[in-house]
Amino acid sequence: YFKQNATSVSAYGQATLKLTDSLRVQGGLRWSHDKKKADMANLLGPNPSTAIAVSLPPNVLSNIRRSESKVSYMVGTQFNVAPDNMIYLRYATGYKAGGFNARNPSPGLPFEFNYESSDTIEFGFKSSLFDRRLQLNVSAFRMNLNDFQDSILNPTGVGFSVGNAGDRRVDGVEADLQLRISPNLRLQGGLSYLDAVFTNYGAGQCYSGQVADGSRPGTCNYTGRTPAQSPKFSGNLAVEYTRPINGGRLELFLMGDMSHTSSVYLDPLLDPRSFQTGRDLFGARIGIQAANGSWRFSLYGKNLSNKTYYAQATTMPLGAFISAGGTAAASGYVGWYAPPRVYGAELSTRF
């Protein structure tokens, strides 16, 4: 049983001050107030098995409250180095409210999790070049995340809980471009580089078989390691060719695209079984559309090379109970495949 009442109130504003024709400064302020109240009861039926009774002892929490008010802000400046070219510098803070876990398997596991905060500094430029045939945007940033909220399988193997997974820093560079090679041929793409690292996470949950080396007994130290779902490199590239037909009222189009993601860990605990090598995906689309963009019909293919990879992976929930006599051991692992090769047809309209 779980019941929660939540109230969230915020007020915010942003302003831009034009100092000269080329120079502007910006500022923004946001006040947020979050209040939550929860009741939770975890009770067993009349005749539970011994294994379940050990892992899920009765647990009742009533009238648990939390209330927090936070102020976040943004300051920045923009400078036009040319009519269609701008550089900018921005600093911003952020906030995500804390809360409760709707399912708490046993006493001792965290029912509450604290708020997450961030601060980010970013420098970049936005440009339009060669008579606006090329649009190029590039940014470099550093983001610090404090008390990062993450969902991890409980040590009992029963259910997932949200908790604060330490502090992390993310340094990155991102770029995207659109290039009109000719009136009928267009290229667009993006590229990003991320250097993510745990800066303070000395008492994290261990994966099965990991040697505890954390700052508290039975925990593991992740400080200095790269968090899950943080590929060093990712990018995409697409080429589209259009040709007017039927006196210019219709357009025939042909598109090809590819994307790349470098290797990652899929499990927040960085279990070696969740390590996934980099992948390249390819797609194509052909169709016809109205010249004014009011409708479009296309045939498409995704993951044309039929690449097999996982969208997510984790320790098997309830593995100790369901795997007896099966192929998965008590500390088994489970993964969810991403879609294989897919073909389809699509009709869309705008009005």
# chains A, B, ... in the order shown; residues from 1 in each chain; ligands from 1
>>> closest_atom_pairs(of="segment 276-313 of chain A", to="segment 226-246 of chain A", cutoff="12 Å", atoms="only C-alpha atoms", output="Markdown table")
| residue | atom | partner | partner_atom | distance |
| --- | --- | --- | --- | --- |
| A:Gln276 | CA | A:Gln229 | CA | 9.9 |
| A:Thr277 | CA | A:Pro231 | CA | 9.9 |
| A:Gly278 | CA | A:Pro231 | CA | 8.6 |
| A:Arg279 | CA | A:Ser234 | CA | 9.7 |
| A:Asp280 | CA | A:Asn236 | CA | 9.5 |
| A:Leu281 | CA | A:Asn236 | CA | 9.3 |
| A:Phe282 | CA | A:Leu237 | CA | 9.7 |
| A:Gly283 | CA | A:Ala238 | CA | 9.1 |
| A:Ala284 | CA | A:Ala238 | CA | 9.2 |
| A:Arg285 | CA | A:Glu240 | CA | 9.1 |
| A:Ile286 | CA | A:Glu240 | CA | 9.5 |
| A:Gly287 | CA | A:Thr242 | CA | 9.6 |
| A:Ile288 | CA | A:Thr242 | CA | 9.1 |
| A:Gln289 | CA | A:Pro244 | CA | 9.6 |
| A:Ala290 | CA | A:Pro244 | CA | 9.6 |
| A:Ala291 | CA | A:Pro244 | CA | 7.8 |
| A:Asn292 | CA | A:Pro244 | CA | 11.5 |
| A:Tyr310 | CA | A:Gln229 | CA | 11.8 |
| A:Ala311 | CA | A:Gln229 | CA | 10.1 |
| A:Gln312 | CA | A:Gln229 | CA | 9.4 |
| A:Ala313 | CA | A:Ala228 | CA | 10.9 |
>>> write_last_selection(atoms="N, CA, C and O atoms", output="mmCIF file, in the first residue's frame")
data_model
loop_
_atom_site.group_PDB
_atom_site.id
_atom_site.type_symbol
_atom_site.label_atom_id
_atom_site.label_comp_id
_atom_site.auth_asym_id
_atom_site.auth_seq_id
_atom_site.Cartn_x
_atom_site.Cartn_y
_atom_site.Cartn_z
ATOM 1 N N GLN A 276 28.588 -2.982 -22.872
ATOM 2 C CA GLN A 276 28.160 -3.133 -24.253
ATOM 3 C C GLN A 276 29.104 -2.354 -25.173
ATOM 4 O O GLN A 276 29.368 -1.178 -24.939
ATOM 5 N N THR A 277 29.608 -3.037 -26.184
ATOM 6 C CA THR A 277 30.525 -2.395 -27.127
ATOM 7 C C THR A 277 29.774 -1.382 -27.990
ATOM 8 O O THR A 277 28.546 -1.361 -28.035
ATOM 9 N N GLY A 278 30.532 -0.558 -28.682
ATOM 10 C CA GLY A 278 29.943 0.463 -29.529
ATOM 11 C C GLY A 278 29.115 -0.140 -30.654
ATOM 12 O O GLY A 278 29.278 -1.305 -31.038
ATOM 13 N N ARG A 279 28.221 0.667 -31.197
ATOM 14 C CA ARG A 279 27.341 0.179 -32.261
ATOM 15 C C ARG A 279 27.119 1.265 -33.302
ATOM 16 O O ARG A 279 27.163 2.464 -33.016
ATOM 17 N N ASP A 280 26.886 0.823 -34.533
ATOM 18 C CA ASP A 280 26.523 1.692 -35.646
ATOM 19 C C ASP A 280 25.184 1.221 -36.200
ATOM 20 O O ASP A 280 25.001 0.022 -36.454
ATOM 21 N N LEU A 281 24.262 2.138 -36.369
ATOM 22 C CA LEU A 281 22.940 1.824 -36.891
ATOM 23 C C LEU A 281 22.704 2.594 -38.183
ATOM 24 O O LEU A 281 23.144 3.755 -38.325
ATOM 25 N N PHE A 282 21.985 1.960 -39.124
ATOM 26 C CA PHE A 282 21.735 2.562 -40.428
ATOM 27 C C PHE A 282 20.241 2.524 -40.732
ATOM 28 O O PHE A 282 19.540 1.566 -40.368
ATOM 29 N N GLY A 283 19.767 3.559 -41.401
ATOM 30 C CA GLY A 283 18.363 3.629 -41.781
ATOM 31 C C GLY A 283 18.192 4.304 -43.119
ATOM 32 O O GLY A 283 19.119 4.939 -43.643
ATOM 33 N N ALA A 284 17.015 4.163 -43.705
ATOM 34 C CA ALA A 284 16.712 4.781 -44.997
ATOM 35 C C ALA A 284 15.221 5.073 -45.059
ATOM 36 O O ALA A 284 14.405 4.442 -44.372
ATOM 37 N N ARG A 285 14.860 6.046 -45.911
ATOM 38 C CA ARG A 285 13.465 6.439 -46.069
ATOM 39 C C ARG A 285 13.265 6.985 -47.478
ATOM 40 O O ARG A 285 14.107 7.745 -47.987
ATOM 41 N N ILE A 286 12.161 6.630 -48.112
ATOM 42 C CA ILE A 286 11.808 7.138 -49.433
ATOM 43 C C ILE A 286 10.325 7.454 -49.431
ATOM 44 O O ILE A 286 9.527 6.738 -48.795
ATOM 45 N N GLY A 287 9.944 8.550 -50.084
ATOM 46 C CA GLY A 287 8.532 8.893 -50.062
ATOM 47 C C GLY A 287 8.199 10.088 -50.913
ATOM 48 O O GLY A 287 9.019 10.575 -51.713
ATOM 49 N N ILE A 288 6.994 10.561 -50.728
ATOM 50 C CA ILE A 288 6.463 11.694 -51.481
ATOM 51 C C ILE A 288 5.762 12.620 -50.500
ATOM 52 O O ILE A 288 5.192 12.161 -49.492
ATOM 53 N N GLN A 289 5.821 13.918 -50.769
ATOM 54 C CA GLN A 289 5.223 14.887 -49.860
ATOM 55 C C GLN A 289 4.718 16.091 -50.626
ATOM 56 O O GLN A 289 5.143 16.353 -51.761
ATOM 57 N N ALA A 290 3.800 16.815 -50.000
ATOM 58 C CA ALA A 290 3.320 18.066 -50.592
ATOM 59 C C ALA A 290 4.410 19.123 -50.480
ATOM 60 O O ALA A 290 5.128 19.185 -49.490
ATOM 61 N N ALA A 291 4.531 19.949 -51.496
ATOM 62 C CA ALA A 291 5.579 20.965 -51.502
ATOM 63 C C ALA A 291 5.400 21.955 -50.352
ATOM 64 O O ALA A 291 6.383 22.519 -49.859
ATOM 65 N N ASN A 292 4.162 22.175 -49.915
ATOM 66 C CA ASN A 292 3.928 23.116 -48.808
ATOM 67 C C ASN A 292 4.039 22.448 -47.439
ATOM 68 O O ASN A 292 3.790 23.070 -46.410
ATOM 69 N N TYR A 310 21.525 -4.384 -26.590
ATOM 70 C CA TYR A 310 20.594 -4.241 -25.484
ATOM 71 C C TYR A 310 20.232 -2.775 -25.262
ATOM 72 O O TYR A 310 21.082 -1.884 -25.346
ATOM 73 N N ALA A 311 18.961 -2.544 -24.948
ATOM 74 C CA ALA A 311 18.537 -1.216 -24.532
ATOM 75 C C ALA A 311 18.782 -1.002 -23.043
ATOM 76 O O ALA A 311 19.044 0.109 -22.595
ATOM 77 N N GLN A 312 18.711 -2.087 -22.253
ATOM 78 C CA GLN A 312 18.937 -2.016 -20.814
ATOM 79 C C GLN A 312 19.301 -3.401 -20.303
ATOM 80 O O GLN A 312 18.969 -4.410 -20.931
ATOM 81 N N ALA A 313 19.990 -3.447 -19.178
ATOM 82 C CA ALA A 313 20.356 -4.723 -18.545
ATOM 83 C C ALA A 313 20.486 -4.496 -17.053
ATOM 84 O O ALA A 313 20.829 -3.398 -16.597
#
>>> residues_around(residues="Gly172 of chain A", least_positions_apart="2", cutoff="9 Å", atoms="only C-alpha atoms", output="count of residues only")
12
>>> residues_around(residues="Ser10 of chain A", least_positions_apart="4", cutoff="8 Å", atoms="only C-alpha atoms", output="list in words")
Arg30, Trp31, Ser32 and His33 of chain A
>>> atom_distance(atom1="atom CA of Phe123 of chain A", atom2="atom CA of Leu89 of chain A")
4.6 Å
>>> closest_residue(among="A:Pro272, A:Pro110, A:Gly124, A:Gly163", to="Leu61 of chain A", atoms="only C-alpha atoms")
A:Pro110
>>> select_by_dssp(residues="segment 35-276 of chain A", states="strand (DSSP E or B)", output="ChimeraX atom specification")
/A:35-42,59-82,85-96,99-100,112-113,116-129,134-146,149-153,160-164,167-182,185-200,204,220,233-245,250-261,264-265,275-276
>>> closest_atom_pairs(of="segment 108-156 of chain A", to="segment 35-41 of chain A", cutoff="12 Å", atoms="only C-alpha atoms", output="JSON lines")
{"residue": "A:Phe111", "atom": "CA", "partner": "A:Met40", "partner_atom": "CA", "distance": 9.2}
{"residue": "A:Glu112", "atom": "CA", "partner": "A:Ala38", "partner_atom": "CA", "distance": 10.0}
{"residue": "A:Tyr115", "atom": "CA", "partner": "A:Lys35", "partner_atom": "CA", "distance": 12.0}
>>> write_last_selection(atoms="all heavy atoms", output="PDB file, in the first residue's frame")
ATOM      1  N   PHE A 111      13.706   4.687   2.126  1.00  0.00           N
ATOM      2  CA  PHE A 111      12.365   5.038   1.690  1.00  0.00           C
ATOM      3  C   PHE A 111      12.367   6.411   1.038  1.00  0.00           C
ATOM      4  O   PHE A 111      11.640   6.669   0.086  1.00  0.00           O
ATOM      5  CB  PHE A 111      11.407   5.002   2.884  1.00  0.00           C
ATOM      6  CG  PHE A 111      10.002   5.391   2.544  1.00  0.00           C
ATOM      7  CD1 PHE A 111       9.274   4.674   1.611  1.00  0.00           C
ATOM      8  CD2 PHE A 111       9.403   6.474   3.160  1.00  0.00           C
ATOM      9  CE1 PHE A 111       7.967   5.037   1.303  1.00  0.00           C
ATOM     10  CE2 PHE A 111       8.102   6.833   2.859  1.00  0.00           C
ATOM     11  CZ  PHE A 111       7.381   6.108   1.932  1.00  0.00           C
ATOM     12  N   GLU A 112      13.199   7.313   1.555  1.00  0.00           N
ATOM     13  CA  GLU A 112      13.308   8.663   1.006  1.00  0.00           C
ATOM     14  C   GLU A 112      14.579   8.800   0.178  1.00  0.00           C
ATOM     15  O   GLU A 112      15.564   8.094   0.394  1.00  0.00           O
ATOM     16  CB  GLU A 112      13.366   9.693   2.135  1.00  0.00           C
ATOM     17  CG  GLU A 112      12.074   9.970   2.837  1.00  0.00           C
ATOM     18  CD  GLU A 112      12.196  11.172   3.770  1.00  0.00           C
ATOM     19  OE1 GLU A 112      12.415  12.290   3.263  1.00  0.00           O
ATOM     20  OE2 GLU A 112      12.076  10.986   4.995  1.00  0.00           O
ATOM     21  N   TYR A 115      16.941  15.664  -2.717  1.00  0.00           N
ATOM     22  CA  TYR A 115      16.897  16.405  -3.978  1.00  0.00           C
ATOM     23  C   TYR A 115      18.246  16.340  -4.696  1.00  0.00           C
ATOM     24  O   TYR A 115      19.291  16.105  -4.090  1.00  0.00           O
ATOM     25  CB  TYR A 115      16.485  17.855  -3.739  1.00  0.00           C
ATOM     26  CG  TYR A 115      17.503  18.713  -3.017  1.00  0.00           C
ATOM     27  CD1 TYR A 115      18.511  19.373  -3.721  1.00  0.00           C
ATOM     28  CD2 TYR A 115      17.453  18.872  -1.635  1.00  0.00           C
ATOM     29  CE1 TYR A 115      19.445  20.156  -3.077  1.00  0.00           C
ATOM     30  CE2 TYR A 115      18.386  19.655  -0.974  1.00  0.00           C
ATOM     31  CZ  TYR A 115      19.377  20.297  -1.704  1.00  0.00           C
ATOM     32  OH  TYR A 115      20.310  21.073  -1.067  1.00  0.00           O
TER      33      TYR A 115
END
>>> closest_residue(among="A:Val173, A:Ala92, A:Leu304, A:Leu266", to="Gly335 of chain A", atoms="only C-alpha atoms")
A:Leu266
>>> residues_around(residues="Lys18 of chain A", least_positions_apart="6", cutoff="12 Å", atoms="only C-alpha atoms", output="number ranges by chain")
A: 24-27, 77-80
>>> write_last_selection(atoms="C-alpha atoms", output="PDB file, in the first residue's frame")
ATOM      1  CA  ARG A  24      23.330  41.362 -24.688  1.00  0.00           C
ATOM      2  CA  VAL A  25      23.241  40.080 -21.119  1.00  0.00           C
ATOM      3  CA  GLN A  26      20.647  37.679 -19.753  1.00  0.00           C
ATOM      4  CA  GLY A  27      19.449  36.698 -16.338  1.00  0.00           C
ATOM      5  CA  THR A  77      25.947  36.986 -22.229  1.00  0.00           C
ATOM      6  CA  GLN A  78      25.642  36.921 -26.029  1.00  0.00           C
ATOM      7  CA  PHE A  79      27.780  38.752 -28.557  1.00  0.00           C
ATOM      8  CA  ASN A  80      27.185  38.976 -32.300  1.00  0.00           C
TER       9      ASN A  80
END
>>> closest_residue(among="A:Met316, A:Met86, A:Val71, A:Leu250", to="Trp295 of chain A", atoms="only C-alpha atoms")
A:Leu250
